[in-house]
Every structure is written in C-alpha cells, then in structure tokens.
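Printed here is start_33.cif (mmCIF, C-alpha atoms):
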```
data_coords
loop_
_atom_site.group_PDB
_atom_site.id
_atom_site.type_symbol
_atom_site.label_atom_id
_atom_site.label_comp_id
_atom_site.auth_asym_id
_atom_site.auth_seq_id
_atom_site.Cartn_x
_atom_site.Cartn_y
_atom_site.Cartn_z
ATOM 1 C CA MET E 1 -38.222 -17.478 -34.103
ATOM 2 C CA LEU E 2 -38.471 -15.921 -30.666
ATOM 3 C CA PRO E 3 -40.992 -13.123 -30.037
ATOM 4 C CA ARG E 4 -39.548 -9.621 -30.066
ATOM 5 C CA SER E 5 -40.064 -9.215 -26.315
ATOM 6 C CA GLN E 6 -38.003 -12.318 -25.555
ATOM 7 C CA ILE E 7 -35.303 -11.204 -27.995
ATOM 8 C CA LEU E 8 -35.099 -7.858 -26.179
ATOM 9 C CA LEU E 9 -34.871 -9.657 -22.843
ATOM 10 C CA LEU E 10 -32.085 -11.920 -24.090
ATOM 11 C CA ALA E 11 -30.236 -8.954 -25.603
ATOM 12 C CA SER E 12 -30.551 -7.052 -22.303
ATOM 13 C CA LEU E 13 -29.124 -9.975 -20.342
ATOM 14 C CA ILE E 14 -26.212 -10.334 -22.760
ATOM 15 C CA LEU E 15 -25.521 -6.596 -22.660
ATOM 16 C CA ALA E 16 -25.613 -6.612 -18.847
ATOM 17 C CA GLY E 17 -23.125 -9.502 -18.808
ATOM 18 C CA VAL E 18 -20.753 -7.796 -21.253
ATOM 19 C CA VAL E 19 -20.822 -4.460 -19.402
ATOM 20 C CA SER E 20 -20.323 -6.246 -16.075
ATOM 21 C CA ALA E 21 -17.313 -8.109 -17.463
ATOM 22 C CA PHE E 22 -15.625 -4.796 -18.322
ATOM 23 C CA SER E 23 -16.716 -2.931 -15.183
ATOM 24 C CA GLY E 24 -13.450 -3.549 -13.335
ATOM 25 C CA ASN E 25 -11.939 -0.286 -14.594
ATOM 26 C CA MET E 26 -15.013 1.828 -13.850
ATOM 27 C CA ASP E 27 -15.192 4.312 -10.997
ATOM 28 C CA THR E 28 -16.541 2.596 -7.868
ATOM 29 C CA TYR E 29 -18.850 5.493 -7.018
ATOM 30 C CA PHE E 30 -20.359 5.406 -10.514
ATOM 31 C CA LEU E 31 -20.823 1.651 -10.240
ATOM 32 C CA ASP E 32 -22.578 2.013 -6.891
ATOM 33 C CA VAL E 33 -25.005 4.589 -8.312
ATOM 34 C CA ALA E 34 -25.577 2.517 -11.468
ATOM 35 C CA MET E 35 -26.396 -0.608 -9.491
ATOM 36 C CA GLY E 36 -28.663 1.445 -7.240
ATOM 37 C CA VAL E 37 -30.510 2.538 -10.374
ATOM 38 C CA GLY E 38 -31.010 -1.087 -11.417
ATOM 39 C CA ILE E 39 -32.391 -2.001 -7.988
ATOM 40 C CA SER E 40 -34.768 0.984 -8.099
ATOM 41 C CA VAL E 41 -36.088 -0.166 -11.485
ATOM 42 C CA VAL E 42 -36.892 -3.574 -9.975
ATOM 43 C CA LEU E 43 -38.667 -1.974 -6.991
ATOM 44 C CA ALA E 44 -40.632 0.561 -9.034
ATOM 45 C CA SER E 45 -41.689 -1.923 -11.726
ATOM 46 C CA SER E 46 -42.850 -4.466 -9.136
ATOM 47 C CA LEU E 47 -44.826 -1.827 -7.204
ATOM 48 C CA ASN E 48 -46.289 -0.577 -10.478
ATOM 49 C CA LEU E 49 -47.964 -3.963 -10.878
ATOM 50 C CA ILE E 50 -49.766 -3.429 -7.557
ATOM 51 C CA ASN E 51 -50.400 0.309 -7.452
ATOM 52 C CA GLY E 52 -50.461 1.130 -11.142
ATOM 53 C CA PHE E 53 -52.017 -1.763 -13.021
ATOM 54 C CA THR E 54 -54.169 -3.354 -10.304
ATOM 55 C CA GLY E 55 -55.256 -0.042 -8.797
ATOM 56 C CA GLN E 56 -54.364 -0.837 -5.180
ATOM 57 C CA PHE E 57 -52.396 1.476 -2.897
ATOM 58 C CA SER E 58 -49.580 -0.217 -1.030
ATOM 59 C CA LEU E 59 -47.290 1.668 1.328
ATOM 60 C CA GLY E 60 -45.382 -1.365 2.580
ATOM 61 C CA HIS E 61 -43.067 -2.224 -0.306
ATOM 62 C CA ALA E 62 -39.988 -1.505 1.801
ATOM 63 C CA GLY E 63 -41.174 -4.192 4.222
ATOM 64 C CA PHE E 64 -41.141 -6.840 1.477
ATOM 65 C CA MET E 65 -37.741 -5.543 0.417
ATOM 66 C CA ALA E 66 -36.490 -5.960 3.995
ATOM 67 C CA VAL E 67 -37.687 -9.576 4.159
ATOM 68 C CA GLY E 68 -35.736 -10.436 1.005
ATOM 69 C CA ALA E 69 -32.674 -8.447 2.070
ATOM 70 C CA TYR E 70 -32.291 -10.070 5.479
ATOM 71 C CA THR E 71 -33.140 -13.556 4.213
ATOM 72 C CA SER E 72 -30.613 -13.409 1.395
ATOM 73 C CA ALA E 73 -27.929 -11.866 3.618
ATOM 74 C CA MET E 74 -28.400 -14.456 6.372
ATOM 75 C CA ILE E 75 -28.052 -17.291 3.844
ATOM 76 C CA THR E 76 -24.764 -16.006 2.434
ATOM 77 C CA THR E 77 -23.286 -14.917 5.768
ATOM 78 C CA THR E 78 -24.399 -17.904 7.850
ATOM 79 C CA LEU E 79 -25.084 -20.940 5.672
ATOM 80 C CA GLY E 80 -22.187 -20.292 3.305
ATOM 81 C CA PRO E 81 -19.422 -20.381 5.956
ATOM 82 C CA LYS E 82 -21.207 -23.068 7.990
ATOM 83 C CA PHE E 83 -21.334 -25.602 5.156
ATOM 84 C CA GLY E 84 -18.112 -24.512 3.467
ATOM 85 C CA TRP E 85 -19.640 -23.395 0.181
ATOM 86 C CA SER E 86 -16.727 -21.025 -0.455
ATOM 87 C CA GLN E 87 -14.145 -23.801 -0.125
ATOM 88 C CA LEU E 88 -16.180 -25.976 -2.496
ATOM 89 C CA GLY E 89 -16.251 -23.221 -5.112
ATOM 90 C CA LEU E 90 -20.055 -23.066 -5.009
ATOM 91 C CA GLN E 91 -20.369 -19.446 -3.914
ATOM 92 C CA TRP E 92 -21.753 -18.576 -7.344
ATOM 93 C CA VAL E 93 -24.666 -20.946 -6.653
ATOM 94 C CA LEU E 94 -25.313 -19.704 -3.117
ATOM 95 C CA PHE E 95 -25.882 -16.074 -4.097
ATOM 96 C CA PRO E 96 -28.629 -16.577 -6.733
ATOM 97 C CA ALA E 97 -30.181 -19.246 -4.515
ATOM 98 C CA SER E 98 -30.285 -16.751 -1.645
ATOM 99 C CA LEU E 99 -31.958 -14.177 -3.912
ATOM 100 C CA LEU E 100 -34.573 -16.724 -4.943
ATOM 101 C CA VAL E 101 -35.281 -17.807 -1.356
ATOM 102 C CA GLY E 102 -35.519 -14.170 -0.279
ATOM 103 C CA GLY E 103 -37.966 -13.473 -3.093
ATOM 104 C CA LEU E 104 -40.095 -16.490 -2.205
ATOM 105 C CA LEU E 105 -40.284 -15.542 1.467
ATOM 106 C CA SER E 106 -41.226 -11.997 0.456
ATOM 107 C CA ALA E 107 -43.969 -13.439 -1.765
ATOM 108 C CA LEU E 108 -45.235 -15.463 1.206
ATOM 109 C CA ALA E 109 -45.226 -12.265 3.256
ATOM 110 C CA GLY E 110 -47.212 -10.622 0.469
ATOM 111 C CA LEU E 111 -49.723 -13.458 0.617
ATOM 112 C CA ALA E 112 -49.894 -13.214 4.398
ATOM 113 C CA VAL E 113 -50.660 -9.509 4.185
ATOM 114 C CA GLY E 114 -52.835 -9.742 1.104
ATOM 115 C CA ALA E 115 -55.126 -12.616 2.041
ATOM 116 C CA PRO E 116 -56.793 -10.947 5.037
ATOM 117 C CA SER E 117 -56.421 -7.291 4.020
ATOM 118 C CA LEU E 118 -57.104 -7.104 0.281
ATOM 119 C CA ARG E 119 -60.817 -7.133 0.876
ATOM 120 C CA LEU E 120 -60.152 -3.587 2.019
ATOM 121 C CA LYS E 121 -59.936 -0.725 -0.434
ATOM 122 C CA GLY E 122 -58.286 2.663 -0.810
ATOM 123 C CA ASP E 123 -57.049 4.356 2.344
ATOM 124 C CA TYR E 124 -57.771 1.324 4.539
ATOM 125 C CA LEU E 125 -55.511 -0.905 2.446
ATOM 126 C CA ALA E 126 -52.770 1.740 2.505
ATOM 127 C CA ILE E 127 -52.936 1.868 6.316
ATOM 128 C CA VAL E 128 -52.701 -1.934 6.592
ATOM 129 C CA THR E 129 -49.663 -2.170 4.293
ATOM 130 C CA LEU E 130 -48.039 0.765 6.083
ATOM 131 C CA GLY E 131 -48.540 -1.040 9.380
ATOM 132 C CA PHE E 132 -46.990 -4.198 7.944
ATOM 133 C CA GLY E 133 -43.863 -2.319 6.888
ATOM 134 C CA GLU E 134 -43.470 -0.811 10.345
ATOM 135 C CA ILE E 135 -44.012 -4.192 12.027
ATOM 136 C CA ILE E 136 -41.226 -5.729 9.917
ATOM 137 C CA LYS E 137 -38.874 -2.901 10.890
ATOM 138 C CA VAL E 138 -39.632 -3.237 14.607
ATOM 139 C CA VAL E 139 -39.260 -7.031 14.518
ATOM 140 C CA LEU E 140 -35.866 -6.764 12.819
ATOM 141 C CA GLN E 141 -34.741 -4.206 15.383
ATOM 142 C CA ASN E 142 -35.469 -6.648 18.208
ATOM 143 C CA VAL E 143 -34.134 -9.918 16.779
ATOM 144 C CA GLU E 144 -30.501 -10.307 17.801
ATOM 145 C CA ALA E 145 -29.967 -13.188 15.363
ATOM 146 C CA VAL E 146 -30.044 -10.680 12.505
ATOM 147 C CA GLY E 147 -28.101 -7.960 14.308
ATOM 148 C CA GLY E 148 -30.989 -6.207 16.019
ATOM 149 C CA ALA E 149 -30.806 -2.425 16.133
ATOM 150 C CA ARG E 150 -27.047 -2.603 15.392
ATOM 151 C CA GLY E 151 -27.733 -4.032 11.966
ATOM 152 C CA LEU E 152 -26.268 -6.924 10.017
ATOM 153 C CA VAL E 153 -22.631 -6.497 8.991
ATOM 154 C CA ALA E 154 -20.099 -8.270 6.767
ATOM 155 C CA VAL E 155 -22.558 -9.118 3.994
ATOM 156 C CA PRO E 156 -20.462 -10.297 1.007
ATOM 157 C CA GLY E 157 -20.468 -7.974 -1.991
ATOM 158 C CA HIS E 158 -21.761 -10.318 -4.690
ATOM 159 C CA THR E 159 -23.984 -7.782 -6.450
ATOM 160 C CA ASN E 160 -22.654 -6.524 -9.772
ATOM 161 C CA LEU E 161 -23.967 -4.888 -12.933
ATOM 162 C CA PHE E 162 -25.053 -8.211 -14.423
ATOM 163 C CA TRP E 163 -27.213 -9.176 -11.460
ATOM 164 C CA THR E 164 -28.792 -5.744 -11.043
ATOM 165 C CA PHE E 165 -29.581 -4.949 -14.667
ATOM 166 C CA GLY E 166 -30.286 -8.580 -15.538
ATOM 167 C CA THR E 167 -32.845 -8.709 -12.724
ATOM 168 C CA ALA E 168 -34.253 -5.325 -13.778
ATOM 169 C CA ALA E 169 -34.713 -6.565 -17.359
ATOM 170 C CA LEU E 170 -36.339 -9.783 -16.124
ATOM 171 C CA THR E 171 -38.686 -7.858 -13.805
ATOM 172 C CA VAL E 172 -39.800 -5.492 -16.556
ATOM 173 C CA TYR E 173 -40.342 -8.432 -18.923
ATOM 174 C CA VAL E 174 -42.375 -10.447 -16.400
ATOM 175 C CA VAL E 175 -44.613 -7.479 -15.534
ATOM 176 C CA TRP E 176 -45.074 -6.658 -19.231
ATOM 177 C CA ALA E 177 -45.827 -10.282 -20.151
ATOM 178 C CA LEU E 178 -48.220 -10.621 -17.223
ATOM 179 C CA MET E 179 -50.126 -7.497 -18.240
ATOM 180 C CA ASN E 180 -50.416 -8.783 -21.816
ATOM 181 C CA SER E 181 -51.932 -12.069 -20.633
ATOM 182 C CA THR E 182 -55.442 -12.952 -19.475
ATOM 183 C CA TYR E 183 -54.347 -12.210 -15.912
ATOM 184 C CA GLY E 184 -53.382 -8.727 -17.018
ATOM 185 C CA ARG E 185 -56.894 -8.107 -18.282
ATOM 186 C CA GLY E 186 -58.154 -9.166 -14.871
ATOM 187 C CA PHE E 187 -55.770 -6.739 -13.130
ATOM 188 C CA LEU E 188 -56.958 -3.885 -15.340
ATOM 189 C CA ALA E 189 -60.591 -4.798 -14.734
ATOM 190 C CA VAL E 190 -60.017 -4.641 -10.978
ATOM 191 C CA ALA E 191 -58.323 -1.251 -11.345
ATOM 192 C CA ASP E 192 -61.033 0.220 -13.607
ATOM 193 C CA ASP E 193 -64.124 -0.857 -11.679
ATOM 194 C CA GLU E 194 -63.908 -3.496 -8.982
ATOM 195 C CA VAL E 195 -67.686 -3.710 -8.525
ATOM 196 C CA ALA E 196 -68.260 -4.242 -12.240
ATOM 197 C CA ALA E 197 -65.480 -6.829 -12.352
ATOM 198 C CA GLU E 198 -67.119 -8.785 -9.546
ATOM 199 C CA ALA E 199 -70.466 -8.541 -11.326
ATOM 200 C CA MET E 200 -68.844 -10.113 -14.398
ATOM 201 C CA GLY E 201 -67.728 -13.070 -12.280
ATOM 202 C CA LEU E 202 -64.101 -12.109 -11.610
ATOM 203 C CA ASN E 203 -62.644 -13.060 -8.250
ATOM 204 C CA THR E 204 -61.147 -9.628 -7.566
ATOM 205 C CA THR E 205 -59.528 -10.692 -4.285
ATOM 206 C CA ARG E 206 -57.669 -13.455 -6.125
ATOM 207 C CA TYR E 207 -56.277 -11.037 -8.707
ATOM 208 C CA LYS E 208 -55.184 -8.587 -6.029
ATOM 209 C CA ILE E 209 -53.435 -11.329 -4.053
ATOM 210 C CA ILE E 210 -51.591 -12.519 -7.194
ATOM 211 C CA ALA E 211 -50.457 -8.962 -7.918
ATOM 212 C CA PHE E 212 -49.260 -8.579 -4.338
ATOM 213 C CA ALA E 213 -47.406 -11.900 -4.407
ATOM 214 C CA VAL E 214 -45.611 -11.183 -7.700
ATOM 215 C CA GLY E 215 -44.771 -7.611 -6.701
ATOM 216 C CA SER E 216 -43.510 -8.763 -3.294
ATOM 217 C CA PHE E 217 -41.389 -11.496 -4.899
ATOM 218 C CA PHE E 218 -39.419 -9.032 -6.996
ATOM 219 C CA ALA E 219 -39.197 -6.574 -4.087
ATOM 220 C CA GLY E 220 -37.550 -9.358 -2.068
ATOM 221 C CA ILE E 221 -35.046 -10.029 -4.840
ATOM 222 C CA ALA E 222 -34.298 -6.297 -5.010
ATOM 223 C CA GLY E 223 -33.695 -6.396 -1.265
ATOM 224 C CA GLY E 224 -31.202 -9.246 -1.680
ATOM 225 C CA LEU E 225 -29.343 -7.291 -4.354
ATOM 226 C CA TYR E 226 -29.319 -4.239 -2.101
ATOM 227 C CA ALA E 227 -27.929 -6.228 0.834
ATOM 228 C CA HIS E 228 -25.044 -7.624 -1.213
ATOM 229 C CA LEU E 229 -24.334 -4.215 -2.721
ATOM 230 C CA LYS E 230 -24.121 -2.198 0.509
ATOM 231 C CA GLY E 231 -22.592 -4.933 2.694
ATOM 232 C CA TYR E 232 -24.519 -3.662 5.724
ATOM 233 C CA LEU E 233 -28.196 -3.762 6.656
ATOM 234 C CA ASN E 234 -30.034 -1.695 9.232
ATOM 235 C CA PRO E 235 -33.803 -1.892 9.877
ATOM 236 C CA THR E 236 -34.111 1.894 9.644
ATOM 237 C CA GLY E 237 -33.152 1.661 5.980
ATOM 238 C CA PHE E 238 -36.501 -0.013 5.269
ATOM 239 C CA ASP E 239 -38.780 2.456 6.982
ATOM 240 C CA PHE E 240 -41.770 4.464 5.782
ATOM 241 C CA ASN E 241 -39.528 6.908 3.900
ATOM 242 C CA LYS E 242 -38.178 4.115 1.704
ATOM 243 C CA SER E 243 -41.689 2.991 0.793
ATOM 244 C CA ILE E 244 -42.612 6.581 -0.058
ATOM 245 C CA GLU E 245 -39.578 6.872 -2.348
ATOM 246 C CA ILE E 246 -40.746 3.848 -4.324
ATOM 247 C CA VAL E 247 -44.334 5.122 -4.488
ATOM 248 C CA ILE E 248 -43.120 8.472 -5.810
ATOM 249 C CA MET E 249 -41.229 6.691 -8.599
ATOM 250 C CA VAL E 250 -44.453 5.021 -9.713
ATOM 251 C CA ILE E 251 -46.524 8.203 -9.508
ATOM 252 C CA LEU E 252 -43.844 10.340 -11.155
ATOM 253 C CA GLY E 253 -43.509 7.928 -14.056
ATOM 254 C CA GLY E 254 -47.239 7.485 -14.468
ATOM 255 C CA MET E 255 -49.383 4.843 -12.801
ATOM 256 C CA GLY E 256 -49.548 1.795 -15.028
ATOM 257 C CA LYS E 257 -46.922 3.036 -17.515
ATOM 258 C CA HIS E 258 -44.000 0.662 -18.137
ATOM 259 C CA VAL E 259 -41.494 3.084 -19.689
ATOM 260 C CA GLY E 260 -42.489 6.046 -17.542
ATOM 261 C CA VAL E 261 -41.892 4.188 -14.284
ATOM 262 C CA ILE E 262 -38.483 2.985 -15.488
ATOM 263 C CA VAL E 263 -37.451 6.523 -16.429
ATOM 264 C CA ALA E 264 -38.700 7.885 -13.104
ATOM 265 C CA ALA E 265 -36.764 5.226 -11.164
ATOM 266 C CA VAL E 266 -33.578 6.130 -13.023
ATOM 267 C CA VAL E 267 -34.019 9.885 -12.597
ATOM 268 C CA LEU E 268 -35.034 9.841 -8.930
ATOM 269 C CA THR E 269 -32.241 7.453 -7.948
ATOM 270 C CA ALA E 270 -29.602 9.495 -9.766
ATOM 271 C CA VAL E 271 -30.849 12.830 -8.435
ATOM 272 C CA GLN E 272 -30.753 11.562 -4.849
ATOM 273 C CA GLU E 273 -26.966 11.724 -4.827
ATOM 274 C CA PRO E 274 -26.651 15.545 -5.043
ATOM 275 C CA LEU E 275 -29.681 15.880 -2.736
ATOM 276 C CA ARG E 276 -28.193 13.790 0.087
ATOM 277 C CA GLN E 277 -26.558 16.889 1.525
ATOM 278 C CA LEU E 278 -30.053 18.168 2.306
ATOM 279 C CA GLY E 279 -30.598 15.305 4.763
ATOM 280 C CA ASP E 280 -34.219 14.803 5.780
ATOM 281 C CA TRP E 281 -35.184 17.958 3.921
ATOM 282 C CA ARG E 282 -35.123 15.977 0.695
ATOM 283 C CA MET E 283 -38.274 14.153 1.877
ATOM 284 C CA ILE E 284 -40.005 17.534 2.094
ATOM 285 C CA LEU E 285 -38.864 18.180 -1.457
ATOM 286 C CA TYR E 286 -40.268 14.796 -2.508
ATOM 287 C CA ALA E 287 -43.583 15.662 -0.845
ATOM 288 C CA LEU E 288 -43.783 18.995 -2.668
ATOM 289 C CA ILE E 289 -43.003 17.286 -5.980
ATOM 290 C CA LEU E 290 -45.730 14.726 -5.315
ATOM 291 C CA ILE E 291 -48.307 17.431 -4.474
ATOM 292 C CA LEU E 292 -47.462 19.425 -7.592
ATOM 293 C CA LEU E 293 -47.654 16.314 -9.753
ATOM 294 C CA MET E 294 -51.066 15.318 -8.446
ATOM 295 C CA ILE E 295 -52.341 18.835 -9.164
ATOM 296 C CA LEU E 296 -50.632 19.654 -12.460
ATOM 297 C CA ARG E 297 -49.960 16.280 -14.079
ATOM 298 C CA PRO E 298 -51.842 13.424 -12.396
ATOM 299 C CA GLN E 299 -51.128 11.079 -15.324
ATOM 300 C CA GLY E 300 -47.391 11.189 -14.546
ATOM 301 C CA LEU E 301 -44.472 13.273 -15.717
ATOM 302 C CA PHE E 302 -42.810 10.721 -17.976
ATOM 303 C CA VAL E 303 -45.808 9.524 -19.990
ATOM 304 C CA TRP E 304 -44.427 9.092 -23.495
ATOM 305 C CA PRO E 305 -44.554 11.219 -25.558
ATOM 306 C CA LEU E 306 -44.847 14.220 -23.272
ATOM 307 C CA TRP E 307 -45.998 16.515 -26.011
ATOM 308 C CA THR E 308 -48.903 14.382 -27.250
ATOM 309 C CA LYS E 309 -52.205 16.246 -27.347
ATOM 310 C CA LYS E 310 -55.677 14.847 -27.754
ATOM 311 C CA THR E 311 -57.136 15.333 -31.198
ATOM 312 C CA THR E 312 -60.767 15.432 -32.183
#
```
In structure tokens, how does this file's structure come out?
Amino acid sequence: MLPRSQILLLASLILAGVVSAFSGNMDTYFLDVAMGVGISVVLASSLNLINGFTGQFSLGHAGFMAVGAYTSAMITTTLGPKFGWSQLGLQWVLFPASLLVGGLLSALAGLAVGAPSLRLKGDYLAIVTLGFGEIIKVVLQNVEAVGGARGLVAVPGHTNLFWTFGTAALTVYVVWALMNSTYGRGFLAVADDEVAAEAMGLNTTRYKIIAFAVGSFFAGIAGGLYAHLKGYLNPTGFDFNKSIEIVIMVILGGMGKHVGVIVAAVVLTAVQEPLRQLGDWRMILYALILILLMILRPQGLFVWPLWTKKTT
C-alpha cells in the first residue's frame, strides 16, 4: 500500500493528464493563464524551500529560471532540427530531456552561487543573489548565440496542462517529502538558529547549499516550461522584478507554509491579468502589499485556517 502522499501525487498526475487530454476545446487565453499558474506554483514552492524553510533570503530566483529557460529552448530549437528528432518521432523525448538538462544546469548554477556566498547571511546574501540574477540577464543580452537583446524566437510550444500541473505536483511533493525527512530537520534548524545548529554539529553551509541546489533545479524546470509556453524569450523577462514577484508569493502565502504558498501563487498569477493595464505601476502595488503584510500579518495572508486564534 502506497503512502497517502504518494497516492495524492499519483492522483494529481493522472488528473493533470486527463484534463490535458480534453483541453483542446478550452479557450486559449484561459489555458495560457492556467499554465502560468502551474509554473508559478513550481517557482514559489521551490523558493519556499530556500527562503521559507531554510531561512535564507534569495533575490535571484529569476536568474535560475532564465538558465533553465534558455537551456531547454536551445536544446529543442537547435539540437532537435540538427539531429532530426522530429522526423524520427522522438520529439516527445526531446522536450522532457531538455527540461531535465535545464534543471540540472540551474542546479549547478545554484551550487556555483551557493558554495562561495552561503557563508553570508541576511542582507549580504540577498545582495549576492540579486547580483547573480542581474549578471545572468546581462550575459544573455550580449550572447548572440541565444538571440542577444533581440531574444530567442520560434521556441516550440510543447508545454501543456499535463506538464505544468504534473511538474507543480511533483515539486510540491518533493519539497514536502524533503521537509519531512532528516534533511528537513536540518533545514529548519538552520532557519531557527544557525549558531545553535552549528554548535550541535550541523554543517549549516551544506544544508543551505542543498536547499539552493534543489530550489534552483525546479526553478530551471519552470523556466523550461515557461519558454515552451510563450514561444519567445527575452532577457528582460528574467529581471529583478520577476524575482520580486516570486518572493512576494512566498511572503504572501506565509514563509515555510506549503498550502499558503500554493494559494498565493495561484492568486497572484491570476490577479496579474487584470492588473497588466497598470503597466509598471503594478510593481508599486506589489510593494505596498508587501509593506502592509509585513506590518499587519508577517506570518502570511494564507496561513490556514485564517481564523485560528491562540488559546490558553
């Protein structure tokens, strides 16, 4: 008999496959928003492992997303036609393989950033990760092989409801399973009191690097899904504002809260559509929401249940 968590994961994958099979008659705009929601769940849940459970403060999640997006897109747009995968009928293998490679390279980027910088704490770590995200954007803008400032075009649209919500379910399950393992206890110890954790013999740098690598891996996969959903990539789409959007999802849902972060990712992604007419003003609105949350409800808006009160 499978554990309940694995049964829920299997049921989620089956449901995603069934819904995707009947999505041909759905409105294309609705499908685009729905798949954007699934990608946001992957991004928010993966960042929650770093910022929420491990107690670090990363502002470079969009950079890891960009690494996965460009890697996956280059594989399907360059290697696929070059080696004739489409003619061989192996396109269905190339897409998941490109997602996996993009995730692995993003994890390596997470290790590259984490190894030298995770000895830092608080604001210093945030500045380092922010700098990494900006470096990735500038590099992509100046590499003509990936389109440079013009962007990368003609990315095949392989992303569908099964891949987005299947990946979202898998991400949530992996983060949940990891936090309910011995590693999860180490992450929580680092978040609660890093000095005390070190005094107890925990290698806190090791736990922070693992959290960064796992979070970066799923951010890279989310980037690959995003690339094959939009069909066009531009470095400016992975700037500081994108990282802030993901951070707000985690804070709005409650740092270290599985369900709350998922709900916040869904709500914020859906509400962006009517707010797009505000242009850059929506970032000011996000900033005001974040300030009010930190003052009025620092534990997060979607901590379940909202009406629970402490009893004595």
Report task. Find, counting only C-alpha atoms, the residue in E:Phe95, E:Tyr232, E:Phe212, E:Phe240 that gets nearest to E:Leu59. Result -> E:Phe240
Report task. Go through E:Leu9, E:Ile262, E:Val146, E:Ala211 one by one, measure the shortest atom-to-atom distance of each to E:Ala69 using only C-alpha atoms, and give the residue with the smallest value. Result ->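 Closest candidate: E:Val146.
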Query - Coordinates-based distance that separates atom CA of E:Leu15 from atom CA of E:Phe165 (Å, one decimal) - result: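 About the pair atom CA of E:Phe165 and atom CA of E:Leu15: they are 9.1 Å apart.
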Report task. Report the distance between atom CA of E:Lys230 and atom CA of E:Ile50 in Å, rounded to one decimal place. Result ->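 That distance, rounded to one decimal, is 26.9 Å.
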Using all atoms listed in the file, which protein or nucleic acid residues come within 10 Å of E:Arg297? Drop anything in the same chain fewer than 6 positions from it, and give the result as a short mmCIF file (atom, residue, chain, number, x, y, z; two decimals) with C-alpha atoms, in the coordinates of the input.
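Contents of the output file out_0.cif:
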```
data_model
loop_
_atom_site.label_atom_id
_atom_site.label_comp_id
_atom_site.auth_asym_id
_atom_site.auth_seq_id
_atom_site.Cartn_x
_atom_site.Cartn_y
_atom_site.Cartn_z
CA ILE E 251 -46.52 8.20 -9.51
CA LEU E 252 -43.84 10.34 -11.16
CA GLY E 254 -47.24 7.48 -14.47
CA LEU E 290 -45.73 14.73 -5.32
CA ILE E 291 -48.31 17.43 -4.47
CA VAL E 303 -45.81 9.52 -19.99
#
```
Query - Gap from atom CA of E:Ala115 to atom CA of E:Thr54 - Å, one decimal - result: 15.5 Å
Query - Residue members of the PyMOL selection byres ((chain E and resi 167-171) around 7) in the file shown, as a PyMOL selection string - result: chain E and resi 9+12+38-39+41-42+45+163-166+172-175+218
Report task. Apply the PyMOL selection byres ((chain E and resi 102) around 10) to the displayed file and report the matching residues as a VMD selection string. Result -> chain E and resid 64 to 75 96 to 101 103 to 108 217 to 224
Taking C-alpha atoms for each residue, export the selection above as a compact mmCIF listing (two decimals), in the frame of the given file.
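Generated output (out12.txt):
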```txt
# COMPACT_ATOMS: atom_id res chain seq x y z
CA PHE E 64 -41.14 -6.84 1.48
CA MET E 65 -37.74 -5.54 0.42
CA ALA E 66 -36.49 -5.96 4.00
CA VAL E 67 -37.69 -9.58 4.16
CA GLY E 68 -35.74 -10.44 1.00
CA ALA E 69 -32.67 -8.45 2.07
CA TYR E 70 -32.29 -10.07 5.48
CA THR E 71 -33.14 -13.56 4.21
CA SER E 72 -30.61 -13.41 1.40
CA ALA E 73 -27.93 -11.87 3.62
CA MET E 74 -28.40 -14.46 6.37
CA ILE E 75 -28.05 -17.29 3.84
CA PRO E 96 -28.63 -16.58 -6.73
CA ALA E 97 -30.18 -19.25 -4.51
CA SER E 98 -30.28 -16.75 -1.64
CA LEU E 99 -31.96 -14.18 -3.91
CA LEU E 100 -34.57 -16.72 -4.94
CA VAL E 101 -35.28 -17.81 -1.36
CA GLY E 103 -37.97 -13.47 -3.09
CA LEU E 104 -40.10 -16.49 -2.20
CA LEU E 105 -40.28 -15.54 1.47
CA SER E 106 -41.23 -12.00 0.46
CA ALA E 107 -43.97 -13.44 -1.76
CA LEU E 108 -45.24 -15.46 1.21
CA PHE E 217 -41.39 -11.50 -4.90
CA PHE E 218 -39.42 -9.03 -7.00
CA ALA E 219 -39.20 -6.57 -4.09
CA GLY E 220 -37.55 -9.36 -2.07
CA ILE E 221 -35.05 -10.03 -4.84
CA ALA E 222 -34.30 -6.30 -5.01
CA GLY E 223 -33.70 -6.40 -1.26
CA GLY E 224 -31.20 -9.25 -1.68
```
Expected selection from the PyMOL selection byres ((chain E and resi 250) around 9), given as a PDB file with C-alpha atoms, keeping the file's coordinate frame:
```
ATOM      1  CA  ALA E  44     -40.632   0.561  -9.034  1.00  0.00           C
ATOM      2  CA  SER E  45     -41.689  -1.923 -11.726  1.00  0.00           C
ATOM      3  CA  LEU E  47     -44.826  -1.827  -7.204  1.00  0.00           C
ATOM      4  CA  ASN E  48     -46.289  -0.577 -10.478  1.00  0.00           C
ATOM      5  CA  ASN E  51     -50.400   0.309  -7.452  1.00  0.00           C
ATOM      6  CA  GLY E  52     -50.461   1.130 -11.142  1.00  0.00           C
ATOM      7  CA  ILE E 246     -40.746   3.848  -4.324  1.00  0.00           C
ATOM      8  CA  VAL E 247     -44.334   5.122  -4.488  1.00  0.00           C
ATOM      9  CA  ILE E 248     -43.120   8.472  -5.810  1.00  0.00           C
ATOM     10  CA  MET E 249     -41.229   6.691  -8.599  1.00  0.00           C
ATOM     11  CA  ILE E 251     -46.524   8.203  -9.508  1.00  0.00           C
ATOM     12  CA  LEU E 252     -43.844  10.340 -11.155  1.00  0.00           C
ATOM     13  CA  GLY E 253     -43.509   7.928 -14.056  1.00  0.00           C
ATOM     14  CA  GLY E 254     -47.239   7.485 -14.468  1.00  0.00           C
ATOM     15  CA  MET E 255     -49.383   4.843 -12.801  1.00  0.00           C
ATOM     16  CA  GLY E 256     -49.548   1.795 -15.028  1.00  0.00           C
ATOM     17  CA  LYS E 257     -46.922   3.036 -17.515  1.00  0.00           C
ATOM     18  CA  GLY E 260     -42.489   6.046 -17.542  1.00  0.00           C
ATOM     19  CA  VAL E 261     -41.892   4.188 -14.284  1.00  0.00           C
ATOM     20  CA  ILE E 262     -38.483   2.985 -15.488  1.00  0.00           C
ATOM     21  CA  ALA E 264     -38.700   7.885 -13.104  1.00  0.00           C
ATOM     22  CA  ALA E 265     -36.764   5.226 -11.164  1.00  0.00           C
ATOM     23  CA  GLY E 300     -47.391  11.189 -14.546  1.00  0.00           C
TER      24      GLY E 300
END
```
Query raised in the report: Got a sec to check which residues sit within 8 Å of (-37.9, -4.2, 11.2), counting all atoms listed in the file, and write them as a list in words?
Result: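 Using all atoms listed in the file, the matching residues come out as Gly63, Ala66, Gly133, Glu134, Ile135, Ile136, Lys137, Val138, Val139, Leu140, Gln141, Asn142, Pro235, Thr236, Phe238 and Asp239 of chain E.
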Requested in this report: Go ahead and find all residues with at least one atom no further than 12 Å from (-60.9, -0.4, -9.8) in the file's coordinates, using only C-alpha atoms; report them as a PyMOL selection string.
Outcome: chain E and resi 50-57+121-122+186-198+204-205+207-208
